[in-house]
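Asks: Take this structure first; my questions come after.
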Amino acid sequence: MGGFLLAVLFFVLRVEDWRSYTPAGGGWGQVEERRVEYAEKPAGILRWLTTVDHKDIGMLYGLYGIIAFVWGGLGVLLMRIELLAPDADLMQAGFYNALLTTHGLTMLLLFGTPMIAAFANYFIPLLIGADDMAFPRINAIAFWLLPPAAILVWIGFPLAAMGTGIQAPQTSWTMYTPLSAEQPSPATDLMILGLHLSGISATMGAINFIATIFTERDIDWPELDLFSWTMLTQSGLILFAFPLLGSAFIMLLLDRNFDTTFFAVDGGGGPILWQHLFWFFGHPEVYILVLPPMGLISLILPRFSGRKLFGFKFVVYSTLAIGVLSFGVWAHHMFATGIDPRIRVSFMAVSMAIAIPSAVKVFNWITTMWNGRLRMTAPMLFCIGFVQNFIIGGVTGVFLAAIPVDLVLHDTYYVVGHFHFIVMGAIAVGLFAGVYYWFPIYTGKMYQKKLAHWHFWLTMIGSNVTFFAMMFLGYGGMPRRYATYLPQFTTWQQVATLGALILAVGQLIFVWNIVQSWLEGPLVESGDPWNLKAEGMNSPEWTWFEKRRETALTDGSGPEDAGSARPERGDD
């Protein structure tokens with residue numbers, strides 16, 4: 001892996017013009033005058049392997065994110081089927097634990113973060129009037145670190161299936177020591193290395209987004225849209241959180257392979273150190289994932305409410321407040337570890353306080369819809385679904401922030417239900433709103449609206465049935481991360497599995513709708529498919545789309561090319 005990174009560095013240093021498609025060679029600080037040329041993109045697979053266009057890279061991130069979403073979804077379906085009965089033997093407990101481990105890591109780091117990067121790469125330059133990202137080639141490198149990262153995270157399953165004697169990682173997504181330090185499987189080392197690569201990718205992307213918004217924008221700060229504000233805040237969180245996680249991964253690998261004792265009690269370390277390091281990343285990670293969907297909702301919801309977002313400045317300030325407060329709440333995951341009660345109280349106070357800026361956003365969204373001219377399109381429905389699920393997830397989080405309640409519900413299914421109301425019920429639902437809202441831009445076509453509505457209702461019904469059932473299991477004392485359970489939990493486990501199957505059907509409809517509409521959907525008939533101009537709600541990316549469409553019609557390439565990512569760099 002070190003050799004691979006050195007080869008990448010060598011290639012980057014040999015590139016003379018970082019913004020062209022054709023490497024001129026002869027890098028290494030040559031001082032002669034350079035001539036900038038924008039060569040035409042190559043065709044076919046070579047185009048996608050060599051592109052530095054922000055729109056192409058956004059599409060690659062989106063495809064990667066959907067593949068990870070399918071992998072993680074299939075894994076959790078197998079787990080839920082296993083939990084239909086207390087002693088079901090669909091799989092061995094070790095395989096269940098391996099699915100549990102990779103499901104969490106996949107959905108958080110291989111689906112959530114890259115899917116957000118897909119929207120950000122494609123649309124932030126359009127929203128701020130930039131020609132491209134500040135560092136296009138670094139942008140491409142950040143993406144191409146992700147496929148090997150996914151392979152390393154998932155490789156334990158094919159290695160085990162081939163009879164190598166290597167087991168897939170069984171550490172849970174939190175990788176608590178001493179379990180993660182003592183588990184002998186080499187696949188665990190590969191998984192940690194893959195996660196480290198994904199963190200490097202996210203950090204490179206964060207630097208790029210910060211540099212782009214600060215240096216490439218063609219608008220003043222008061223005019224910056226809320227999606228860009230949330231991406232800027234998210235990128236700042238990544239810069240502080242991910243390097244620490246990378247350091248913890250290195251220490252864990254050293255403990256596993258070189259007998260160091262960072263997390264071993266007999267050598268002066270301890271498991272509590274891992275929890276502090278992990279959760280200092282782990283809780284800001286929740287806001288790293290939820291802030292950009294909040295920005296999407298703040299951008300999309302007013303378009304279909306017929307009025308501007310209520311309290312724009314307060315939403316911006318609440319975004320920044322969440323970014324600051326998110327680093328002061330990590331130890332509420334550790335109330336049951338025996339830490340000093342005075343420290344626990346301070347973290348409880350901050351954990352409850354962070355609900356205030358989140359509530360500011362919710363009330364602003366609701367007020368924006370109040371007496372508005374609501375249009376119940378698929379993007380608007382998913383915006384409303386986001387608000388509903390986020391309220392439930394946020395309120396249940398406030399309960400867990402209270403020390404007495406948390407000590408009762410800690411490590412039960414209640415925590416799983418709360419967390420999934422945020423991750424699937426809010427984050428994924430917010431991303432679905434973005435997919436449907438901008439579908440005409442990146443395809444030039446329109447999705448099947450009836451299927452999109454089916455997707456919404458099945459997603460909402462399935463998520464609420466599943467995650468409410470998990471909360472009732474938690475109230476009954478059902479611990480999480482178990483492949484078997486006592487018979488008294490059977491009914492609610494079966495209800496949760498039924499909800500998961502409903503949820504899965506909705507996602508199958510989503511994938512079918514996207515693929516079929518992309519290939520055969522009706523062409524959009526204008527550059528303003530949502531009639532935003534009539535509402536006075538037009539935004540820069542739709543102005544760009546209209547110009548692209550007019551250009552495509554003028555040069556005879558056809559309206560189906562209006563939303564593609566085929567123009568040369570610099571055409572924006």
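By convention here, the chains of the structure tokens are called A, B, ... in the order presented, each chain's residues are numbered starting at 1, and ligands are numbered starting at 1 in the order presented.
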Please identify the helix (DSSP H, G or I) residues within range 60-220 of chain A (assignment by DSSP from backbone atoms) and present them as number ranges by chain.

Replies: A: 60-82, 93-128, 136-144, 146-154, 156-161, 179-182, 186-215

Asks: Range 97-100 of chain A: which residues within 10 Å, counting only C-alpha atoms, same-chain residues fewer than 5 positions away excluded, as a list in words?

Replies: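 Contacts, in chain order: Gly72, Leu74, Gly75, Val76, Leu77, Leu78, Met79, Gln92, Leu105, Trp154, Gly156, Phe157, Gln167, Ala168, Pro169, Gln170, Thr171, Ser172, Trp173, Arg481, Tyr482 and Ala483 of chain A.
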
Asks: Considering only C-alpha atoms, return as a compact mmCIF listing (two decimals) with C-alpha atoms, in the first residue's frame whatever protein or nucleic-acid residues lie within 10 Å of Arg217 in chain A, sequence-local ones (same chain, fewer than 5 positions apart) excluded.

Replies:
# COMPACT_ATOMS: atom_id res chain seq x y z
CA ILE A 124 -21.32 23.31 -5.23
CA PRO A 125 -19.30 24.76 -8.15
CA LEU A 126 -22.59 25.42 -9.95
CA LEU A 127 -24.19 27.01 -6.90
CA ILE A 128 -21.27 29.35 -6.17
CA GLY A 129 -20.46 30.20 -9.80
CA ALA A 130 -17.09 28.42 -9.84
CA ASP A 131 -15.45 26.92 -12.92
CA ASP A 132 -14.58 23.72 -11.07
CA MET A 133 -13.24 22.55 -7.72
CA ALA A 134 -10.13 24.37 -6.51
CA ALA A 211 -10.58 25.91 -0.64
CA THR A 212 -13.26 25.95 -3.35
CA LEU A 224 -24.04 31.65 -0.19

Asks: Considering only C-alpha atoms, can you say which of A:Ala359, A:Ile366, A:Leu277, A:Ile272 comes closest to Trp330 in chain A?

Replies: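 Answer, going by the shortest atom-to-atom distance: A:Leu277.
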
Asks: How far is it from CA of His333 in chain A to CA of Ala402 in chain A, in Å with one decimal?

Replies: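 Taking CA of His333 in chain A and CA of Ala402 in chain A, their separation equals 11.2 Å.
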
Asks: What is the CA of Ile514 in chain A to CA of Trp48 in chain A distance in Å?

Replies: 20.1 Å

Asks: Report as a tab-separated table the residues of range 72-140 of chain A within 10 Å of range 422-427 of chain A, each with its shortest atom pair and distance in Å (one decimal), using only C-alpha atoms, ordered by chain and increasing residue number.

Replies:
residue	atom	partner	partner_atom	distance
A:Met107	CA	A:Val423	CA	8.5
A:Leu108	CA	A:Val423	CA	8.2
A:Gly112	CA	A:Ile427	CA	7.9
A:Ile116	CA	A:Ile427	CA	9.6

Asks: Fewer than 4 positions away in the same chain doesn't count, so skip those; otherwise give me all residues within 12 Å of His420 in chain A, counting only C-alpha atoms, as an NGL selection string.

Replies: :A and (104 or 107-108 or 286 or 389-390 or 392-394 or 396-397 or 413-416 or 424-429 or 462-471 or 500)

Asks: Name the closest residue to Gly372 in chain A among the candidates A:Leu301, A:Leu237, A:Leu179, A:Ile57; distances are taken between atoms, counting only C-alpha atoms.

Replies: A:Leu301

Asks: Near Phe347 in chain A, counting only C-alpha atoms, which residues have an atom at most 9 Å away, once you skip same-chain residues fewer than 5 positions from it, shown as number ranges by chain?

Replies: A: 328-332, 342, 352, 401

Asks: Just the residues within 12 Å of Asp411 in chain A, please, counting only C-alpha atoms, with nothing from its chain fewer than 4 positions along; format it as a list in words.

Replies: His333, Met334, Phe335, Ala336, Thr337, Leu400, Val405, Asp406, Leu407, Val415, Val416, Gly417, His418, Phe419, Met471, Leu473, Gly474, Tyr475, Gly477, Met478, Pro479, Arg480, Arg481 and Tyr482 of chain A

Asks: With only C-alpha atoms as the basis for distance, which of A:Met191, A:Ala161, A:Leu145, A:Ala355 is at the shortest distance from Thr203 in chain A?

Replies: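 Of the candidates, the smallest distance to Thr203 in chain A is held by A:Leu145.
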
Asks: So, with only C-alpha atoms as the atoms that count, which of A:Phe240, A:Trp365, A:Phe386, A:Phe472 lies closest to Gly434 in chain A?

Replies: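 Looking at the shortest contact to Gly434 in chain A, the residue is A:Phe386.
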
Asks: Expressed in Å to a single decimal, how great is the separation between CA of Asp528 in chain A and CA of Val315 in chain A?

Replies: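 Going from CA of Asp528 in chain A over to CA of Val315 in chain A, I get 26.8 Å.
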